[in-house]
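Participant: File upload-v7.cif below, mmCIF, C-alpha atoms:
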data_structure
loop_
_atom_site.label_atom_id
_atom_site.label_comp_id
_atom_site.auth_asym_id
_atom_site.auth_seq_id
_atom_site.Cartn_x
_atom_site.Cartn_y
_atom_site.Cartn_z
CA MET A 1 -91.07 96.23 -234.42
CA GLU A 2 -87.49 96.37 -235.71
CA ASN A 3 -85.22 93.49 -234.66
CA ARG A 4 -81.84 95.14 -235.06
CA LEU A 5 -80.52 98.50 -233.89
CA LYS A 6 -77.13 100.15 -234.28
CA VAL A 7 -76.32 102.25 -231.20
CA SER A 8 -73.44 104.53 -230.24
CA VAL A 9 -72.37 105.71 -226.79
CA VAL A 10 -70.34 108.91 -226.50
CA GLN A 11 -67.50 109.29 -223.99
CA ASP A 12 -66.16 112.82 -224.24
CA SER A 13 -65.98 116.17 -222.47
CA PRO A 14 -68.15 119.24 -222.85
CA VAL A 15 -66.64 122.70 -223.12
CA LEU A 16 -67.07 123.15 -219.39
CA PHE A 17 -69.37 125.97 -218.27
CA ASP A 18 -69.93 127.03 -221.91
CA LEU A 19 -73.41 126.30 -223.24
CA GLU A 20 -72.89 127.63 -226.76
CA LYS A 21 -69.62 125.81 -227.47
CA THR A 22 -70.86 122.59 -225.91
CA MET A 23 -73.96 122.69 -228.09
CA GLU A 24 -71.75 123.11 -231.15
CA LYS A 25 -69.74 120.07 -230.05
CA VAL A 26 -72.86 117.97 -229.46
CA VAL A 27 -74.23 118.80 -232.92
CA ARG A 28 -70.89 118.00 -234.57
CA ILE A 29 -70.45 114.66 -232.76
CA THR A 30 -74.05 113.66 -233.42
CA ARG A 31 -73.74 114.36 -237.15
CA ASP A 32 -70.49 112.40 -237.40
CA ILE A 33 -71.93 109.36 -235.61
CA ALA A 34 -75.21 109.41 -237.53
CA ALA A 35 -73.25 109.39 -240.78
CA GLY A 36 -71.97 105.97 -239.72
CA GLY A 37 -75.48 104.55 -239.51
CA SER A 38 -76.24 104.62 -235.77
CA LYS A 39 -79.92 105.16 -235.01
CA LEU A 40 -79.55 105.76 -231.26
CA ILE A 41 -76.84 108.03 -229.83
CA VAL A 42 -76.28 108.36 -226.07
CA PHE A 43 -74.45 111.21 -224.28
CA PRO A 44 -73.37 111.30 -220.59
CA GLU A 45 -74.92 112.79 -217.46
CA SER A 46 -75.04 116.61 -217.45
CA PHE A 47 -73.01 116.83 -220.64
CA ILE A 48 -74.48 120.31 -221.00
CA PRO A 49 -72.97 122.40 -219.48
CA CYS A 50 -70.87 119.91 -217.43
CA TYR A 51 -70.79 117.72 -214.35
CA PRO A 52 -68.89 120.10 -212.00
CA ARG A 53 -66.81 117.43 -210.31
CA GLY A 54 -64.50 118.65 -207.56
CA LEU A 55 -66.10 122.07 -207.02
CA SER A 56 -67.52 123.19 -203.68
CA PHE A 57 -69.35 126.34 -204.85
CA GLY A 58 -68.06 127.89 -201.62
CA THR A 59 -70.17 125.74 -199.33
CA VAL A 60 -69.60 124.15 -195.95
CA VAL A 61 -72.28 123.08 -193.49
CA GLY A 62 -73.87 126.29 -192.23
CA ASN A 63 -72.23 128.74 -194.63
CA ARG A 64 -72.17 129.89 -198.28
CA THR A 65 -69.91 132.52 -199.84
CA GLU A 66 -70.65 135.25 -202.37
CA GLU A 67 -67.87 133.93 -204.63
CA GLY A 68 -69.52 130.50 -204.59
CA ARG A 69 -72.82 132.08 -205.57
CA GLU A 70 -71.05 133.61 -208.57
CA ASP A 71 -69.84 130.17 -209.69
CA PHE A 72 -73.40 128.88 -209.29
CA GLN A 73 -74.73 131.80 -211.35
CA ARG A 74 -72.31 130.89 -214.12
CA TYR A 75 -73.40 127.25 -213.97
CA PHE A 76 -77.06 128.29 -214.00
CA ASP A 77 -76.64 130.68 -216.94
CA ASN A 78 -75.04 127.93 -219.04
CA SER A 79 -77.68 125.31 -218.22
CA VAL A 80 -80.53 124.25 -220.51
CA ALA A 81 -84.08 125.58 -220.37
CA VAL A 82 -86.80 123.02 -221.17
CA PRO A 83 -88.49 124.12 -223.38
CA GLY A 84 -85.87 126.41 -224.83
CA PRO A 85 -83.63 127.16 -227.82
CA GLU A 86 -81.18 124.30 -227.20
CA VAL A 87 -84.05 121.81 -227.06
CA ASP A 88 -85.32 123.23 -230.37
CA ILE A 89 -81.88 122.83 -231.98
CA LEU A 90 -81.55 119.19 -230.92
CA ALA A 91 -85.14 118.43 -231.92
CA GLU A 92 -84.53 119.80 -235.41
CA LEU A 93 -81.25 117.86 -235.63
CA THR A 94 -82.84 114.49 -234.82
CA ARG A 95 -85.73 115.16 -237.20
CA GLU A 96 -83.24 115.91 -239.96
CA LEU A 97 -81.04 112.88 -239.25
CA GLU A 98 -83.99 110.57 -238.40
CA ILE A 99 -82.29 109.25 -235.29
CA TYR A 100 -82.93 108.90 -231.56
CA LEU A 101 -80.81 110.89 -229.12
CA SER A 102 -80.41 110.70 -225.34
CA ILE A 103 -78.44 113.46 -223.65
CA GLY A 104 -77.84 114.49 -220.05
CA VAL A 105 -78.24 118.17 -219.22
CA THR A 106 -78.53 120.40 -216.21
CA GLU A 107 -82.02 121.84 -216.60
CA LYS A 108 -82.99 125.29 -215.37
CA ASN A 109 -86.37 126.91 -214.83
CA GLY A 110 -87.79 123.81 -213.16
CA PHE A 111 -91.58 123.86 -212.91
CA GLY A 112 -91.48 127.35 -214.43
CA LEU A 113 -89.75 128.78 -211.35
CA ASP A 114 -86.33 130.44 -211.56
CA GLY A 115 -83.58 129.23 -209.24
CA THR A 116 -83.71 125.45 -208.95
CA LEU A 117 -81.62 123.27 -211.27
CA HIS A 118 -82.31 119.63 -212.08
CA CYS A 119 -80.08 116.85 -213.35
CA CYS A 120 -82.07 115.75 -216.35
CA ASN A 121 -81.96 113.35 -219.30
CA LEU A 122 -83.60 114.49 -222.53
CA PHE A 123 -84.94 112.24 -225.29
CA PHE A 124 -85.24 113.16 -228.96
CA GLY A 125 -86.23 111.27 -232.09
CA PRO A 126 -87.36 111.59 -235.70
CA LYS A 127 -90.39 113.51 -234.41
CA GLY A 128 -88.26 115.92 -232.36
CA TYR A 129 -88.35 116.35 -228.58
CA LEU A 130 -89.93 113.30 -226.92
CA GLY A 131 -89.60 113.80 -223.18
CA ARG A 132 -87.32 113.96 -220.15
CA HIS A 133 -86.36 112.18 -216.97
CA ARG A 134 -85.24 114.17 -213.93
CA LYS A 135 -83.00 112.59 -211.30
CA LEU A 136 -85.09 111.55 -208.29
CA LYS A 137 -82.31 111.90 -205.72
CA PRO A 138 -79.05 113.78 -206.25
CA THR A 139 -76.18 112.14 -204.41
CA ALA A 140 -74.28 113.77 -201.52
CA ALA A 141 -72.91 117.22 -202.50
CA GLU A 142 -74.87 117.14 -205.78
CA ARG A 143 -77.80 118.28 -203.62
CA ILE A 144 -76.14 121.69 -203.35
CA ILE A 145 -76.70 122.38 -207.05
CA TRP A 146 -79.60 120.09 -208.06
CA GLY A 147 -83.10 119.70 -206.66
CA GLU A 148 -84.78 116.30 -206.47
CA ASP A 149 -87.86 115.41 -208.50
CA ASP A 150 -91.09 113.44 -208.19
CA GLY A 151 -92.24 110.39 -210.13
CA SER A 152 -93.86 112.29 -212.98
CA THR A 153 -90.76 112.01 -215.18
CA LEU A 154 -90.10 108.28 -214.83
CA THR A 155 -90.29 108.43 -218.59
CA VAL A 156 -90.18 105.69 -221.19
CA ILE A 157 -90.27 106.45 -224.91
CA ASP A 158 -91.88 104.22 -227.54
CA THR A 159 -89.57 103.55 -230.47
CA PRO A 160 -89.64 101.07 -233.38
CA TYR A 161 -87.00 99.13 -231.40
CA GLY A 162 -88.92 98.89 -228.12
CA LYS A 163 -89.30 101.15 -225.13
CA MET A 164 -86.37 103.41 -224.24
CA GLY A 165 -85.83 104.87 -220.77
CA SER A 166 -83.15 105.94 -218.33
CA LEU A 167 -82.10 106.20 -214.73
CA ILE A 168 -79.26 108.57 -213.95
CA CYS A 169 -76.07 107.56 -212.11
CA TRP A 170 -76.84 106.36 -208.55
CA GLU A 171 -80.57 106.12 -209.23
CA ASN A 172 -79.50 102.75 -210.56
CA TYR A 173 -78.75 101.67 -206.98
CA MET A 174 -82.44 102.24 -206.11
CA PRO A 175 -84.04 98.77 -206.51
CA LEU A 176 -87.58 100.12 -206.72
CA ALA A 177 -86.62 102.68 -209.36
CA ARG A 178 -85.18 99.85 -211.45
CA MET A 179 -88.35 97.81 -210.95
CA ALA A 180 -90.42 100.76 -212.11
CA MET A 181 -88.46 100.82 -215.36
CA TYR A 182 -88.78 97.07 -215.84
CA LEU A 183 -92.55 97.25 -215.30
CA LYS A 184 -92.75 99.97 -217.96
CA GLY A 185 -91.27 97.46 -220.42
CA VAL A 186 -87.91 99.11 -221.01
CA LYS A 187 -85.74 97.30 -223.56
CA LEU A 188 -83.19 100.05 -224.16
CA TYR A 189 -81.99 100.97 -220.68
CA ILE A 190 -79.88 104.14 -220.83
CA VAL A 191 -77.52 105.13 -218.02
CA PRO A 192 -76.02 108.63 -218.16
CA THR A 193 -73.57 108.65 -215.26
CA ALA A 194 -70.61 110.29 -213.54
CA ASP A 195 -69.48 107.10 -211.76
CA GLN A 196 -66.06 106.04 -213.03
CA ARG A 197 -65.39 103.21 -210.57
CA GLU A 198 -64.80 99.59 -211.53
CA ILE A 199 -67.59 98.49 -209.18
CA TYR A 200 -70.12 100.46 -211.21
CA GLN A 201 -69.38 98.11 -214.09
CA SER A 202 -70.75 95.31 -211.92
CA THR A 203 -73.92 97.34 -211.40
CA MET A 204 -74.37 97.81 -215.14
CA LYS A 205 -73.89 94.11 -215.86
CA HIS A 206 -76.29 93.23 -213.06
CA ILE A 207 -79.02 95.54 -214.40
CA ALA A 208 -78.73 94.14 -217.92
CA PHE A 209 -78.96 90.59 -216.55
CA GLU A 210 -81.69 91.40 -214.00
CA GLY A 211 -83.83 93.47 -216.37
CA ARG A 212 -83.15 91.32 -219.44
CA CYS A 213 -82.51 94.51 -221.38
CA PHE A 214 -79.71 96.22 -223.26
CA VAL A 215 -77.78 98.69 -221.12
CA MET A 216 -75.99 101.67 -222.66
CA MET A 217 -73.88 103.50 -220.07
CA SER A 218 -72.28 106.83 -220.99
CA ASN A 219 -69.76 108.75 -218.87
CA GLN A 220 -67.58 111.77 -219.53
CA TYR A 221 -63.84 111.86 -220.01
CA VAL A 222 -62.59 115.07 -218.36
CA GLU A 223 -59.15 116.43 -217.52
CA LYS A 224 -58.47 119.10 -214.89
CA SER A 225 -56.93 121.33 -217.55
CA MET A 226 -60.36 121.64 -219.21
CA TYR A 227 -61.86 123.64 -216.32
CA PRO A 228 -62.08 127.43 -216.75
CA LYS A 229 -59.30 128.89 -214.64
CA ASN A 230 -61.31 132.02 -213.83
CA LEU A 231 -63.83 130.12 -211.70
CA LYS A 232 -63.97 131.70 -208.25
CA TYR A 233 -63.32 128.30 -206.65
CA TYR A 234 -60.85 126.92 -209.18
CA LYS A 235 -58.59 126.43 -206.13
CA ASP A 236 -60.84 123.51 -205.16
CA LEU A 237 -59.12 121.52 -207.90
CA GLU A 238 -55.58 121.86 -206.55
CA ASN A 239 -55.50 118.36 -205.08
CA GLN A 240 -57.55 116.71 -207.80
CA PRO A 241 -55.92 114.28 -210.28
CA ASP A 242 -55.07 115.39 -213.80
CA ILE A 243 -57.78 113.04 -215.14
CA MET A 244 -60.89 114.13 -213.26
CA CYS A 245 -63.18 111.54 -214.86
CA ARG A 246 -61.77 108.47 -216.61
CA GLY A 247 -65.02 107.22 -218.13
CA GLY A 248 -66.02 103.56 -218.20
CA SER A 249 -68.71 103.81 -220.88
CA CYS A 250 -70.05 100.51 -222.18
CA ILE A 251 -72.80 98.62 -224.01
CA ILE A 252 -74.08 95.39 -222.41
CA ASN A 253 -76.47 92.70 -223.65
CA PRO A 254 -79.36 91.07 -221.71
CA TYR A 255 -77.05 88.31 -220.46
CA GLY A 256 -74.76 90.84 -218.78
CA LYS A 257 -72.03 90.51 -221.42
CA TYR A 258 -70.13 93.45 -222.91
CA LEU A 259 -70.84 94.24 -226.55
CA ALA A 260 -68.51 97.27 -226.44
CA GLY A 261 -66.22 98.73 -223.80
CA PRO A 262 -65.70 99.48 -221.06
CA LEU A 263 -63.65 102.45 -222.25
CA PHE A 264 -61.32 104.11 -219.74
CA ASP A 265 -58.82 106.99 -219.74
CA LYS A 266 -59.60 108.47 -223.14
CA PRO A 267 -62.45 109.95 -225.13
CA GLY A 268 -64.15 107.86 -227.76
CA VAL A 269 -67.34 106.45 -229.24
CA LEU A 270 -68.52 102.89 -228.62
CA THR A 271 -70.78 101.32 -231.26
CA ALA A 272 -72.63 98.02 -231.34
CA GLU A 273 -75.44 96.41 -233.32
CA LEU A 274 -78.14 95.06 -231.03
CA ASP A 275 -80.10 91.89 -231.81
CA LEU A 276 -83.35 92.81 -230.08
CA ASN A 277 -84.64 89.22 -230.26
CA GLU A 278 -81.97 88.48 -227.67
CA ILE A 279 -84.30 90.02 -225.08
CA THR A 280 -86.98 87.38 -225.73
CA ARG A 281 -84.43 84.58 -225.62
CA ALA A 282 -83.01 85.90 -222.36
CA LYS A 283 -86.48 86.02 -220.77
CA PHE A 284 -86.99 82.32 -221.49
CA ASP A 285 -85.67 81.45 -218.03
CA TRP A 286 -85.88 84.80 -216.18
CA ASP A 287 -88.44 87.56 -216.61
CA PRO A 288 -88.53 90.04 -213.69
CA VAL A 289 -92.01 91.29 -214.57
CA GLY A 290 -93.39 88.05 -216.03
CA HIS A 291 -93.02 84.45 -214.91
CA TYR A 292 -90.43 85.35 -212.25
CA ASN A 293 -92.67 87.99 -210.69
CA ARG A 294 -95.07 87.17 -207.82
CA PRO A 295 -97.69 89.94 -207.67
CA ASP A 296 -99.82 87.64 -205.49
CA ILE A 297 -97.16 88.07 -202.78
CA PHE A 298 -95.55 91.45 -203.50
CA LYS A 299 -97.34 94.72 -204.11
CA PHE A 300 -95.57 97.44 -206.05
CA GLU A 301 -96.84 100.98 -206.50
CA VAL A 302 -95.30 104.02 -208.19
CA ARG A 303 -96.65 107.49 -207.51
CA GLU A 304 -96.29 109.29 -210.82
CA ASN A 305 -98.42 112.33 -210.01
CA ARG A 306 -96.66 115.67 -210.15
#
Would you mind writing the file's structure down as structure tokens?
Facilitator:
Amino acid sequence: MENRLKVSVVQDSPVLFDLEKTMEKVVRITRDIAAGGSKLIVFPESFIPCYPRGLSFGTVVGNRTEEGREDFQRYFDNSVAVPGPEVDILAELTRELEIYLSIGVTEKNGFGLDGTLHCCNLFFGPKGYLGRHRKLKPTAAERIIWGEDDGSTLTVIDTPYGKMGSLICWENYMPLARMAMYLKGVKLYIVPTADQREIYQSTMKHIAFEGRCFVMMSNQYVEKSMYPKNLKYYKDLENQPDIMCRGGSCIINPYGKYLAGPLFDKPGVLTAELDLNEITRAKFDWDPVGHYNRPDIFKFEVRENR
């Protein structure tokens, strides 16, 4: 097992609603960062094709519009099929660069059925595509565009640096979901998110401290001017701020201390070198699945069947 790992967290914007151009941007950013020696690169939630903040897709309770369906069609068409050509491109890229990559996408063709989209995090490594995690519970109006998933993709990936896994955005407020990740032995806890609030920083620090793991949180930086103006419901953005998502990306150690970030109000890349032995030292006095766990009192079960 390797004891040190250089990681980078990306805070940037996709080319909104444009799969091809966003893929080109992802490949370019990944190559640039890998050239600097990072072995794990983390992108935000639904970086491909975008997190459609501020859009209604023509919905109110009890009614949908044809124009809103057209916006959804555009979002669907620019989403990522798993398996599919975009997955193949990223798999070949990580094999070539011999790195690990975590990237949030909106996934189409869920369970082989057309129509339902999923908020999904994809994992790649030196052996190519390694697996995915689908969001268990989309939050509020996210449920209009994304379906929820079962426990079959509570995925952790074995790496030379320890187990890598993720929970997406507000899944991290689900205590039992966090416990599931801790019990799977996650050391590299990845958080693709769309939450730009200061209070979410407290959540990230708490998880790192509670789980005695390294937390890498990645959010987008997006301005209103980046949205395609020919969206049918572009008018939804009239009262939105010029900066639609201000970021907050960060890297945190197992004591809940920042190693890099948080980064607000601009795009950028955060990089840190992790001392993985710090996890063992942190668990000396607190181990949530070891000496501070009481399985004789508490029973925990995760249903991972599909």
Participant: Can you tell me how far CA of Phe43 in chain A sits from CA of Leu101 in chain A, in Å to one decimal?
Facilitator: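 Straight-line distance from CA of Phe43 in chain A to CA of Leu101 in chain A works out to 8.0 Å.
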Participant: Hey, what's within 12 Å of Asn230 in chain A if we count only C-alpha atoms and toss same-chain stuff fewer than 2 positions away? As a PyMOL selection string, please?
Facilitator: chain A and resi 16-17+67+70-71+74+226-228+232-235
Participant: Check which residues satisfy the PyMOL selection byres ((chain A and resi 263) around 7) in the file shown, then give them as a VMD selection string.
Facilitator: chain A and resid 247 to 250 261 to 262 264
Participant: Using only C-alpha atoms, what table do you get, as a tab-separated table, when you list each residue of range 12-74 of chain A with an atom no more than 12 Å from range 166-183 of chain A, its nearest pair of atoms, and their distance in Å rounded to one decimal, rows by chain then rising number?
Facilitator:
residue	atom	partner	partner_atom	distance
A:Val42	CA	A:Ser166	CA	10.6
A:Phe43	CA	A:Ile168	CA	11.7
A:Pro44	CA	A:Ile168	CA	9.3
A:Glu45	CA	A:Ile168	CA	7.0
A:Ser46	CA	A:Ile168	CA	9.7
A:Tyr51	CA	A:Cys169	CA	11.7
Participant: Write out the residues from the selection above, keeping C-alpha atoms, as a PDB file, in the frame of the given file.
Facilitator:
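In the end it all went to again-v7.pdb:
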ATOM      1  CA  VAL A  42     -76.280 108.360-226.070  1.00  0.00           C
ATOM      2  CA  PHE A  43     -74.450 111.210-224.280  1.00  0.00           C
ATOM      3  CA  PRO A  44     -73.370 111.300-220.590  1.00  0.00           C
ATOM      4  CA  GLU A  45     -74.920 112.790-217.460  1.00  0.00           C
ATOM      5  CA  SER A  46     -75.040 116.610-217.450  1.00  0.00           C
ATOM      6  CA  TYR A  51     -70.790 117.720-214.350  1.00  0.00           C
TER       7      TYR A  51
END
Participant: Applied to this file, what does the PyMOL selection byres ((chain A and resi 199-216) around 7) return in terms of residues, put as a VMD selection string?
Facilitator: chain A and resid 9 182 187 to 191 195 197 to 198 217 to 218 250 to 257 279 282 to 283 288
Participant: Expand the PyMOL selection byres ((chain A and resi 133) around 6) into the individual residues it matches in the shown file, reporting them as a PyMOL selection string.
Facilitator: chain A and resi 120-121+132+134+153-155
Participant: Print the selection's residues with C-alpha atoms to a file, as an mmCIF file, keeping the file's coordinate frame.
Facilitator:
data_model
loop_
_atom_site.group_PDB
_atom_site.id
_atom_site.type_symbol
_atom_site.label_atom_id
_atom_site.label_comp_id
_atom_site.auth_asym_id
_atom_site.auth_seq_id
_atom_site.Cartn_x
_atom_site.Cartn_y
_atom_site.Cartn_z
ATOM 1 C CA CYS A 120 -82.070 115.750 -216.350
ATOM 2 C CA ASN A 121 -81.960 113.350 -219.300
ATOM 3 C CA ARG A 132 -87.320 113.960 -220.150
ATOM 4 C CA ARG A 134 -85.240 114.170 -213.930
ATOM 5 C CA THR A 153 -90.760 112.010 -215.180
ATOM 6 C CA LEU A 154 -90.100 108.280 -214.830
ATOM 7 C CA THR A 155 -90.290 108.430 -218.590
#
Participant: Export range 264-299 of chain A of the preceding structure, keeping N, CA and C atoms, as a PDB file, in the first residue's frame.
Facilitator:
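Once written, part-v1.pdb looks like this:
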ATOM      1  N   PHE A 264     -13.642  29.818  -3.425  1.00  0.00           N
ATOM      2  CA  PHE A 264     -14.921  30.422  -3.776  1.00  0.00           C
ATOM      3  C   PHE A 264     -14.743  31.469  -4.877  1.00  0.00           C
ATOM      4  N   ASP A 265     -15.799  31.625  -5.688  1.00  0.00           N
ATOM      5  CA  ASP A 265     -15.972  32.752  -6.607  1.00  0.00           C
ATOM      6  C   ASP A 265     -14.996  32.803  -7.770  1.00  0.00           C
ATOM      7  N   LYS A 266     -14.389  31.660  -8.088  1.00  0.00           N
ATOM      8  CA  LYS A 266     -13.545  31.597  -9.277  1.00  0.00           C
ATOM      9  C   LYS A 266     -13.252  30.136  -9.590  1.00  0.00           C
ATOM     10  N   PRO A 267     -12.930  29.867 -10.855  1.00  0.00           N
ATOM     11  CA  PRO A 267     -12.502  28.504 -11.190  1.00  0.00           C
ATOM     12  C   PRO A 267     -11.079  28.271 -10.709  1.00  0.00           C
ATOM     13  N   GLY A 268     -10.707  27.013 -10.613  1.00  0.00           N
ATOM     14  CA  GLY A 268      -9.346  26.701 -10.207  1.00  0.00           C
ATOM     15  C   GLY A 268      -9.174  25.220  -9.943  1.00  0.00           C
ATOM     16  N   VAL A 269      -7.941  24.853  -9.602  1.00  0.00           N
ATOM     17  CA  VAL A 269      -7.602  23.478  -9.253  1.00  0.00           C
ATOM     18  C   VAL A 269      -6.893  23.494  -7.907  1.00  0.00           C
ATOM     19  N   LEU A 270      -7.379  22.703  -6.969  1.00  0.00           N
ATOM     20  CA  LEU A 270      -6.757  22.557  -5.662  1.00  0.00           C
ATOM     21  C   LEU A 270      -5.947  21.269  -5.645  1.00  0.00           C
ATOM     22  N   THR A 271      -4.717  21.335  -5.147  1.00  0.00           N
ATOM     23  CA  THR A 271      -3.838  20.166  -5.118  1.00  0.00           C
ATOM     24  C   THR A 271      -3.227  20.021  -3.736  1.00  0.00           C
ATOM     25  N   ALA A 272      -3.123  18.788  -3.272  1.00  0.00           N
ATOM     26  CA  ALA A 272      -2.497  18.505  -1.984  1.00  0.00           C
ATOM     27  C   ALA A 272      -1.851  17.132  -2.037  1.00  0.00           C
ATOM     28  N   GLU A 273      -0.811  16.948  -1.237  1.00  0.00           N
ATOM     29  CA  GLU A 273      -0.195  15.634  -1.084  1.00  0.00           C
ATOM     30  C   GLU A 273      -0.671  15.039   0.229  1.00  0.00           C
ATOM     31  N   LEU A 274      -1.294  13.869   0.149  1.00  0.00           N
ATOM     32  CA  LEU A 274      -1.867  13.220   1.316  1.00  0.00           C
ATOM     33  C   LEU A 274      -0.856  12.272   1.942  1.00  0.00           C
ATOM     34  N   ASP A 275      -0.715  12.364   3.261  1.00  0.00           N
ATOM     35  CA  ASP A 275       0.042  11.387   4.041  1.00  0.00           C
ATOM     36  C   ASP A 275      -0.963  10.369   4.550  1.00  0.00           C
ATOM     37  N   LEU A 276      -1.040   9.215   3.901  1.00  0.00           N
ATOM     38  CA  LEU A 276      -2.091   8.251   4.201  1.00  0.00           C
ATOM     39  C   LEU A 276      -1.914   7.601   5.567  1.00  0.00           C
ATOM     40  N   ASN A 277      -0.712   7.647   6.134  1.00  0.00           N
ATOM     41  CA  ASN A 277      -0.514   7.159   7.495  1.00  0.00           C
ATOM     42  C   ASN A 277      -1.267   8.006   8.521  1.00  0.00           C
ATOM     43  N   GLU A 278      -1.657   9.201   8.106  1.00  0.00           N
ATOM     44  CA  GLU A 278      -2.412  10.078   8.997  1.00  0.00           C
ATOM     45  C   GLU A 278      -3.744   9.440   9.395  1.00  0.00           C
ATOM     46  N   ILE A 279      -4.283   8.580   8.541  1.00  0.00           N
ATOM     47  CA  ILE A 279      -5.541   7.899   8.858  1.00  0.00           C
ATOM     48  C   ILE A 279      -5.360   6.993  10.064  1.00  0.00           C
ATOM     49  N   THR A 280      -4.277   6.210  10.087  1.00  0.00           N
ATOM     50  CA  THR A 280      -4.002   5.330  11.223  1.00  0.00           C
ATOM     51  C   THR A 280      -3.805   6.137  12.492  1.00  0.00           C
ATOM     52  N   ARG A 281      -3.050   7.214  12.403  1.00  0.00           N
ATOM     53  CA  ARG A 281      -2.798   8.035  13.595  1.00  0.00           C
ATOM     54  C   ARG A 281      -4.088   8.654  14.107  1.00  0.00           C
ATOM     55  N   ALA A 282      -4.970   9.055  13.193  1.00  0.00           N
ATOM     56  CA  ALA A 282      -6.235   9.657  13.599  1.00  0.00           C
ATOM     57  C   ALA A 282      -7.146   8.641  14.279  1.00  0.00           C
ATOM     58  N   LYS A 283      -7.058   7.370  13.861  1.00  0.00           N
ATOM     59  CA  LYS A 283      -7.920   6.338  14.443  1.00  0.00           C
ATOM     60  C   LYS A 283      -7.418   5.836  15.798  1.00  0.00           C
ATOM     61  N   PHE A 284      -6.300   6.347  16.245  1.00  0.00           N
ATOM     62  CA  PHE A 284      -5.765   5.978  17.561  1.00  0.00           C
ATOM     63  C   PHE A 284      -6.793   6.217  18.669  1.00  0.00           C
ATOM     64  N   ASP A 285      -7.512   7.328  18.580  1.00  0.00           N
ATOM     65  CA  ASP A 285      -8.477   7.637  19.642  1.00  0.00           C
ATOM     66  C   ASP A 285      -9.925   7.630  19.171  1.00  0.00           C
ATOM     67  N   TRP A 286     -10.167   7.445  17.863  1.00  0.00           N
ATOM     68  CA  TRP A 286     -11.554   7.404  17.376  1.00  0.00           C
ATOM     69  C   TRP A 286     -11.592   6.615  16.082  1.00  0.00           C
ATOM     70  N   ASP A 287     -12.280   5.482  16.106  1.00  0.00           N
ATOM     71  CA  ASP A 287     -12.452   4.664  14.915  1.00  0.00           C
ATOM     72  C   ASP A 287     -13.929   4.298  14.832  1.00  0.00           C
ATOM     73  N   PRO A 288     -14.677   4.882  13.890  1.00  0.00           N
ATOM     74  CA  PRO A 288     -16.133   4.693  13.864  1.00  0.00           C
ATOM     75  C   PRO A 288     -16.578   3.274  13.549  1.00  0.00           C
ATOM     76  N   VAL A 289     -15.684   2.464  12.974  1.00  0.00           N
ATOM     77  CA  VAL A 289     -16.045   1.081  12.676  1.00  0.00           C
ATOM     78  C   VAL A 289     -15.149   0.100  13.426  1.00  0.00           C
ATOM     79  N   GLY A 290     -14.348   0.602  14.352  1.00  0.00           N
ATOM     80  CA  GLY A 290     -13.458  -0.238  15.138  1.00  0.00           C
ATOM     81  C   GLY A 290     -13.769  -0.109  16.616  1.00  0.00           C
ATOM     82  N   HIS A 291     -12.811   0.425  17.383  1.00  0.00           N
ATOM     83  CA  HIS A 291     -12.963   0.430  18.840  1.00  0.00           C
ATOM     84  C   HIS A 291     -14.014   1.420  19.341  1.00  0.00           C
ATOM     85  N   TYR A 292     -14.515   2.299  18.469  1.00  0.00           N
ATOM     86  CA  TYR A 292     -15.610   3.194  18.878  1.00  0.00           C
ATOM     87  C   TYR A 292     -16.942   2.751  18.287  1.00  0.00           C
ATOM     88  N   ASN A 293     -17.001   1.520  17.835  1.00  0.00           N
ATOM     89  CA  ASN A 293     -18.239   0.948  17.312  1.00  0.00           C
ATOM     90  C   ASN A 293     -18.749  -0.077  18.320  1.00  0.00           C
ATOM     91  N   ARG A 294     -20.066  -0.190  18.486  1.00  0.00           N
ATOM     92  CA  ARG A 294     -20.647  -1.142  19.440  1.00  0.00           C
ATOM     93  C   ARG A 294     -21.652  -2.050  18.735  1.00  0.00           C
ATOM     94  N   PRO A 295     -21.161  -2.996  17.927  1.00  0.00           N
ATOM     95  CA  PRO A 295     -22.076  -3.884  17.215  1.00  0.00           C
ATOM     96  C   PRO A 295     -22.871  -4.796  18.140  1.00  0.00           C
ATOM     97  N   ASP A 296     -22.446  -4.910  19.420  1.00  0.00           N
ATOM     98  CA  ASP A 296     -23.223  -5.684  20.381  1.00  0.00           C
ATOM     99  C   ASP A 296     -24.500  -4.958  20.791  1.00  0.00           C
ATOM    100  N   ILE A 297     -24.541  -3.638  20.524  1.00  0.00           N
ATOM    101  CA  ILE A 297     -25.715  -2.829  20.857  1.00  0.00           C
ATOM    102  C   ILE A 297     -26.483  -2.437  19.602  1.00  0.00           C
ATOM    103  N   PHE A 298     -25.744  -1.999  18.566  1.00  0.00           N
ATOM    104  CA  PHE A 298     -26.368  -1.481  17.355  1.00  0.00           C
ATOM    105  C   PHE A 298     -26.228  -2.476  16.219  1.00  0.00           C
ATOM    106  N   LYS A 299     -27.290  -2.640  15.461  1.00  0.00           N
ATOM    107  CA  LYS A 299     -27.274  -3.502  14.290  1.00  0.00           C
ATOM    108  C   LYS A 299     -27.414  -2.652  13.051  1.00  0.00           C
TER     109      LYS A 299
END
